[in-house]
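**Q** Got a structure for you, questions after.
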Protein chains: 2
Amino acid sequence: MARPSNRASKRIPDNVIERLPKYLRALIRMEEASKESVSSKSLGDALNYSPAQIRKDLSYFGRFGKRGRGYEVKKLKERLKSILGLGDRQWNMALVGVGKLGRAILGYGRFATQGFRIVAAFDRDPTLVSKKVGSLTIQDMGELAETIRNREIQIGIVAVPASQAQEVIAQLENAGIKAILNYAPITLAPQRPEEVKIQDVDPILQLQMMTFFMKNQGEPKK
Amino acid sequence: MARPSNRASKRIPDNVIERLPKYLRALIRMEEASKESVSSKSLGDALNYSPAQIRKDLSYFGRFGKRGRGYEVKKLKERLKSILGLGDRQWNMALVGVGKLGRAILGYGRFATQGFRIVAAFDRDPTLVSKKVGSLTIQDMGELAETIRNREIQIGIVAVPASQAQEVIAQLENAGIKAILNYAPITLAPQRPEEVKIQDVDPILQLQMMTFFMKNQGEPKK
């Protein structure tokens with residue numbers, strides 16, 4: 001795998017980085033559809049971005065594509081995967097909280113196909129510890145730090161109730177975790193925000209943005 | 001329920017609207033913790049925003065809070081709920097796609113507690129139609145438009161494979177749906193973007209943003 005020359009990531013705006021996974025997702029679909037090249041116009045159409053936006057975003061990472069011929073789908077896809085730290089590698093994840101939500105997360109098939117594997121699951125409920133869930137054995141929270149080290153886990157998934165989430169984040173952070181996918185319905189601050197990233201998954205927030213728009217387009221029928 | 005004076009929503013920036021559900025989520029937790037008032041500083045601390053940001057955002061919706069005394073938690077919470085179109089009402093949702101992912105969505109308890117109820121479920125697979133899933137009977141896609149009308153459904157949830165998602169979005173839109181929560185891993189454009197909002201839920205995109213940061217902080221151990 002070629003090492004991309006993107007060490008200067010400090011200067012890349014966050015909203016560019018937010019769009020890169022969407023580019024990758026679209027390119028993977030194009031490759032599946034046997035598309036060999038794509039113009040910034042048709043990539044833009046697929047993503048609701050302007051062609052200029054796409055050219056500008058990709059220019060942060062060097063020269064892609066050839067004038068008048070567009071981007072080579074496979075090559076751009078591989079390059080984006082490399083930029084995003086995906087390449088051939090796999091990221092190991094630890095799930096904390098194996099209630100109903102945690103079990104649904106364990107059952108989410110796309111993690112594994114996209115290179116993210118849940119390799120350990122933890123719960124503080126002693127009646128759950130040692131139980132099997134899929135191919136994993138639920139572990140006690142006391143084993144968190146050691147397991148993260150031994151299994152080379154880089155990402156934590158938080159699926160505990162909101163009231164426990166801050167403590168779990170701290171435990172993950174203290175165990176060296178730098179990336180946390182937070183399903184608890186609460187905004188959490190890492191102790192070291194420069195080093196540790198938290199992404200919230202909460203479909204309720206997304207629904208509420210849409211109800212705002214619906215409400216303000218005229219009251220829907222009661 | 002008092003009608004808020006926020007008809008001028010056109011001028012409110014999208015990123016303000018994106019933050020409002022987070023304010024609400026934090027205020028609900030504060031109310032549960034029996035907190036009666038909150039300063040913009042402590043609301044900001046809970047959400048990783050500056051106090052100035054919070055005062056500015058809320059100023060779009062009129063005057064909240066009193067100088068030096070902060071915001072009344074319950075009052076601000078009720079006001080935000082009303083602004084977001086939540087109030088006392090319930091929003092009815094239709095789920096399209098009752099595979100593994102669709103079933104996990106049906107099992108997600110927070111929808112109902114936050115005023116969002118899945119009242120109908122559809123699948124194009126004839127072997128699933130008429131089967132029960134929880135309290136719902138899976139319906140044929142041919143019944144989509146009529147059910148949306150009869151059950152006063154305002155929101156669609158898409159949980160079909162990416163290859164079917166664009167068609168499902170079109171069917172929902174044609175049936176009058178204005179808000180779509182899209183779990184299919186593909187960016188989709190509504191036919192009428194001014195009227196119809198789509199929010200994507202894809203934790204893979206969020207993981208990939210974090211792997212970008214991890215990669216660029218120095219290669220993690222292989």
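Every chain in the structure tokens has a letter given in the order shown (A, B, ...), and although residue numbers restart at 1 in each chain, ligands are simply numbered from 1 in the order shown.
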Determine, using only C-alpha atoms, which residues of chain B have any atom at most 7 Å from an atom of chain A, and tabulate each with its shortest atom pair and distance in Å to one decimal place, rows ordered by chain and then rising number, as a Markdown table.
**A**
```
| residue | atom | partner | partner_atom | distance |
| --- | --- | --- | --- | --- |
| B:Arg7 | CA | A:Asn216 | CA | 6.1 |
| B:Ser9 | CA | A:Asn216 | CA | 6.6 |
| B:Ile17 | CA | A:Met209 | CA | 6.4 |
| B:Glu18 | CA | A:Met209 | CA | 6.1 |
| B:Pro21 | CA | A:Leu205 | CA | 5.3 |
| B:Lys22 | CA | A:Leu205 | CA | 6.9 |
| B:Arg25 | CA | A:Ile186 | CA | 7.0 |
| B:Ala26 | CA | A:Ile186 | CA | 6.9 |
| B:Ala46 | CA | A:Thr187 | CA | 6.9 |
| B:Leu47 | CA | A:Thr187 | CA | 5.7 |
| B:Asn48 | CA | A:Ala189 | CA | 6.7 |
| B:Ile83 | CA | A:Phe212 | CA | 6.7 |
| B:Leu84 | CA | A:Phe212 | CA | 4.3 |
| B:Gly85 | CA | A:Lys215 | CA | 5.4 |
| B:Leu101 | CA | A:Tyr108 | CA | 7.0 |
| B:Ala104 | CA | A:Ala104 | CA | 5.7 |
| B:Tyr108 | CA | A:Leu101 | CA | 7.0 |
| B:Phe111 | CA | A:Ile204 | CA | 6.8 |
| B:Ala179 | CA | A:Met210 | CA | 6.0 |
| B:Ile186 | CA | A:Ala26 | CA | 6.9 |
| B:Thr187 | CA | A:Leu47 | CA | 5.7 |
| B:Ala189 | CA | A:Asn48 | CA | 6.7 |
| B:Lys197 | CA | A:Met210 | CA | 6.5 |
| B:Gln199 | CA | A:Gln206 | CA | 6.3 |
| B:Val201 | CA | A:Pro203 | CA | 6.9 |
| B:Pro203 | CA | A:Val201 | CA | 6.9 |
| B:Ile204 | CA | A:Phe111 | CA | 6.8 |
| B:Leu205 | CA | A:Pro21 | CA | 5.3 |
| B:Gln206 | CA | A:Gln199 | CA | 6.3 |
| B:Gln208 | CA | A:Pro21 | CA | 6.2 |
| B:Met209 | CA | A:Glu18 | CA | 6.1 |
| B:Met210 | CA | A:Ala179 | CA | 6.0 |
| B:Thr211 | CA | A:Gly85 | CA | 5.5 |
| B:Phe212 | CA | A:Leu84 | CA | 4.3 |
| B:Lys215 | CA | A:Gly85 | CA | 5.4 |
| B:Asn216 | CA | A:Arg7 | CA | 6.2 |
```
**Q** Do you know which residues are at most 10 Å from Met141 (chain A) counting only C-alpha atoms, after dropping those on the same chain fewer than 3 positions away, and could you put them as a list in words?
**A**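 With the cut-off at 10 Å, the set is Val96, Gly97, Ala121, Phe122, Asp123, Arg124, Asp125, Pro126, Val129, Ile138, Leu144, Ala145, Thr147, Val168 and Gln171 of chain A.
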**Q** Could you work out how far CA of Arg117 (chain A) lies from CA of Asp88 (chain A), giving the answer in Å with one decimal?
**A** 13.3 Å
**Q** Taking the backbone alone, and naming residues the way the document does, which bits of region 30-162 of chain B are strand (DSSP E) by DSSP, as a list in words?
**A**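 Matching residues for strand (DSSP E) in region 30-162 of chain B are Ser37, Val38, Tyr71, Glu72, Trp91, Asn92, Met93, Ala94, Leu95, Val96, Phe116, Arg117, Ile118, Val119, Ala120, Ala121, Phe122, Asp123, Lys132, Val133, Leu136, Thr137, Gln139, Asp140, Ile155, Gly156, Ile157 and Val158 of chain B.
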**Q** Leaving out region 41-44 of chain B and any residue of its chain fewer than 6 positions from it, which residues lie within 7 Å of it when counting only C-alpha atoms, given as number ranges by chain?
**A** B: 50-51, 54
**Q** Need the shell around Leu58 (chain A): protein/DNA/RNA residues with any atom at most 10 Å away, counting only C-alpha atoms. Skip same-chain ones fewer than 2 positions apart. Format as an MDAnalysis selection string?
**A** chainID A and resid 16 20 23 53:56 60:65 76 80
**Q** Please extract the residues of region 20-107 of chain A with a backbone DSSP assignment of alpha helix (DSSP H) and present them as a ChimeraX atom specification.
**A** /A:20-32,40-47,51-59,73-83,100-106
**Q** Pull N, CA and C atoms from the residues just selected and write them as a short mmCIF file (atom, residue, chain, number, x, y, z; two decimals), in the first residue's frame.
**A**
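Produced file part-v8.cif, reproduced below:
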```cif
data_model
loop_
_atom_site.label_atom_id
_atom_site.label_comp_id
_atom_site.auth_asym_id
_atom_site.auth_seq_id
_atom_site.Cartn_x
_atom_site.Cartn_y
_atom_site.Cartn_z
N LEU A 20 -15.17 13.22 2.70
CA LEU A 20 -14.37 12.16 2.06
C LEU A 20 -15.03 10.78 2.15
N PRO A 21 -15.57 10.39 3.33
CA PRO A 21 -16.22 9.06 3.37
C PRO A 21 -17.40 8.95 2.41
N LYS A 22 -18.07 10.07 2.15
CA LYS A 22 -19.19 10.02 1.19
C LYS A 22 -18.67 9.81 -0.23
N TYR A 23 -17.55 10.45 -0.55
CA TYR A 23 -16.93 10.20 -1.85
C TYR A 23 -16.59 8.72 -1.99
N LEU A 24 -15.97 8.20 -0.95
CA LEU A 24 -15.56 6.79 -1.00
C LEU A 24 -16.77 5.88 -1.18
N ARG A 25 -17.83 6.17 -0.43
CA ARG A 25 -19.04 5.33 -0.50
C ARG A 25 -19.61 5.33 -1.92
N ALA A 26 -19.62 6.52 -2.55
CA ALA A 26 -20.14 6.62 -3.91
C ALA A 26 -19.23 5.89 -4.90
N LEU A 27 -17.93 6.01 -4.71
CA LEU A 27 -16.99 5.36 -5.64
C LEU A 27 -17.07 3.84 -5.54
N ILE A 28 -17.27 3.33 -4.33
CA ILE A 28 -17.40 1.88 -4.17
C ILE A 28 -18.62 1.38 -4.94
N ARG A 29 -19.70 2.15 -4.88
CA ARG A 29 -20.90 1.77 -5.63
C ARG A 29 -20.65 1.84 -7.14
N MET A 30 -19.91 2.84 -7.57
CA MET A 30 -19.62 2.96 -9.00
C MET A 30 -18.76 1.81 -9.47
N GLU A 31 -17.80 1.42 -8.64
CA GLU A 31 -16.95 0.30 -9.01
C GLU A 31 -17.78 -0.99 -9.10
N GLU A 32 -18.68 -1.15 -8.15
CA GLU A 32 -19.56 -2.34 -8.19
C GLU A 32 -20.39 -2.35 -9.46
N SER A 40 -16.19 14.96 -12.41
CA SER A 40 -16.58 15.64 -11.16
C SER A 40 -18.07 15.99 -11.21
N LYS A 41 -18.59 16.18 -12.41
CA LYS A 41 -20.02 16.48 -12.55
C LYS A 41 -20.88 15.28 -12.11
N SER A 42 -20.55 14.06 -12.60
CA SER A 42 -21.43 12.95 -12.23
C SER A 42 -21.18 12.49 -10.79
N LEU A 43 -19.94 12.66 -10.31
CA LEU A 43 -19.71 12.37 -8.88
C LEU A 43 -20.50 13.38 -8.04
N GLY A 44 -20.51 14.62 -8.48
CA GLY A 44 -21.29 15.65 -7.79
C GLY A 44 -22.78 15.36 -7.80
N ASP A 45 -23.28 14.92 -8.97
CA ASP A 45 -24.70 14.59 -9.06
C ASP A 45 -25.08 13.48 -8.08
N ALA A 46 -24.18 12.51 -7.94
CA ALA A 46 -24.47 11.37 -7.06
C ALA A 46 -24.50 11.79 -5.59
N LEU A 47 -23.84 12.92 -5.28
CA LEU A 47 -23.68 13.29 -3.88
C LEU A 47 -24.33 14.63 -3.52
N PRO A 51 -19.67 20.21 -8.94
CA PRO A 51 -18.39 19.69 -9.45
C PRO A 51 -17.21 20.50 -8.91
N ALA A 52 -17.39 21.82 -8.75
CA ALA A 52 -16.30 22.67 -8.26
C ALA A 52 -15.92 22.26 -6.83
N GLN A 53 -16.95 21.97 -6.04
CA GLN A 53 -16.72 21.53 -4.66
C GLN A 53 -15.87 20.27 -4.63
N ILE A 54 -16.20 19.34 -5.48
CA ILE A 54 -15.49 18.07 -5.51
C ILE A 54 -14.04 18.27 -5.94
N ARG A 55 -13.83 19.06 -6.99
CA ARG A 55 -12.45 19.31 -7.42
C ARG A 55 -11.65 19.98 -6.32
N LYS A 56 -12.29 20.92 -5.62
CA LYS A 56 -11.60 21.66 -4.56
C LYS A 56 -11.25 20.71 -3.39
N ASP A 57 -12.21 19.90 -2.98
CA ASP A 57 -11.97 18.98 -1.87
C ASP A 57 -10.82 18.04 -2.19
N LEU A 58 -10.86 17.45 -3.39
CA LEU A 58 -9.84 16.45 -3.72
C LEU A 58 -8.47 17.07 -3.94
N SER A 59 -8.46 18.37 -4.27
CA SER A 59 -7.18 19.02 -4.52
C SER A 59 -6.32 19.10 -3.25
N VAL A 73 -12.14 5.54 -11.43
CA VAL A 73 -12.91 5.17 -10.24
C VAL A 73 -12.07 4.34 -9.27
N LYS A 74 -11.44 3.28 -9.80
CA LYS A 74 -10.72 2.36 -8.92
C LYS A 74 -9.54 3.05 -8.23
N LYS A 75 -8.83 3.85 -9.02
CA LYS A 75 -7.64 4.52 -8.50
C LYS A 75 -8.02 5.55 -7.42
N LEU A 76 -9.06 6.34 -7.69
CA LEU A 76 -9.49 7.34 -6.72
C LEU A 76 -10.02 6.67 -5.46
N LYS A 77 -10.74 5.58 -5.64
CA LYS A 77 -11.27 4.83 -4.49
C LYS A 77 -10.12 4.34 -3.61
N GLU A 78 -9.11 3.73 -4.24
CA GLU A 78 -7.98 3.21 -3.46
C GLU A 78 -7.25 4.34 -2.75
N ARG A 79 -7.11 5.46 -3.44
CA ARG A 79 -6.41 6.60 -2.86
C ARG A 79 -7.17 7.14 -1.66
N LEU A 80 -8.50 7.25 -1.79
CA LEU A 80 -9.31 7.74 -0.68
C LEU A 80 -9.26 6.78 0.51
N LYS A 81 -9.31 5.49 0.21
CA LYS A 81 -9.22 4.51 1.30
C LYS A 81 -7.91 4.70 2.06
N SER A 82 -6.85 4.90 1.30
CA SER A 82 -5.55 5.10 1.92
C SER A 82 -5.52 6.39 2.76
N ILE A 83 -6.06 7.46 2.19
CA ILE A 83 -6.11 8.73 2.91
C ILE A 83 -6.89 8.60 4.21
N LYS A 100 -29.93 -4.10 24.76
CA LYS A 100 -30.65 -4.24 23.49
C LYS A 100 -29.93 -3.50 22.36
N LEU A 101 -29.53 -2.25 22.65
CA LEU A 101 -28.83 -1.44 21.64
C LEU A 101 -27.49 -2.07 21.27
N GLY A 102 -26.73 -2.48 22.27
CA GLY A 102 -25.43 -3.10 22.03
C GLY A 102 -25.56 -4.35 21.15
N ARG A 103 -26.60 -5.12 21.40
CA ARG A 103 -26.81 -6.33 20.58
C ARG A 103 -27.15 -5.98 19.14
N ALA A 104 -27.93 -4.91 18.97
CA ALA A 104 -28.25 -4.48 17.60
C ALA A 104 -26.97 -4.04 16.88
N ILE A 105 -26.09 -3.35 17.61
CA ILE A 105 -24.82 -2.90 17.02
C ILE A 105 -23.96 -4.10 16.62
N LEU A 106 -23.92 -5.10 17.50
CA LEU A 106 -23.17 -6.32 17.18
C LEU A 106 -23.71 -7.00 15.93
#
```
**Q** Go ahead and compute the interatomic distance for CA of Gln191 (chain A) and CA of Glu143 (chain A), in Å to one decimal.
**A**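 So the two atoms, CA of Gln191 (chain A) and CA of Glu143 (chain A), lie 21.3 Å apart.
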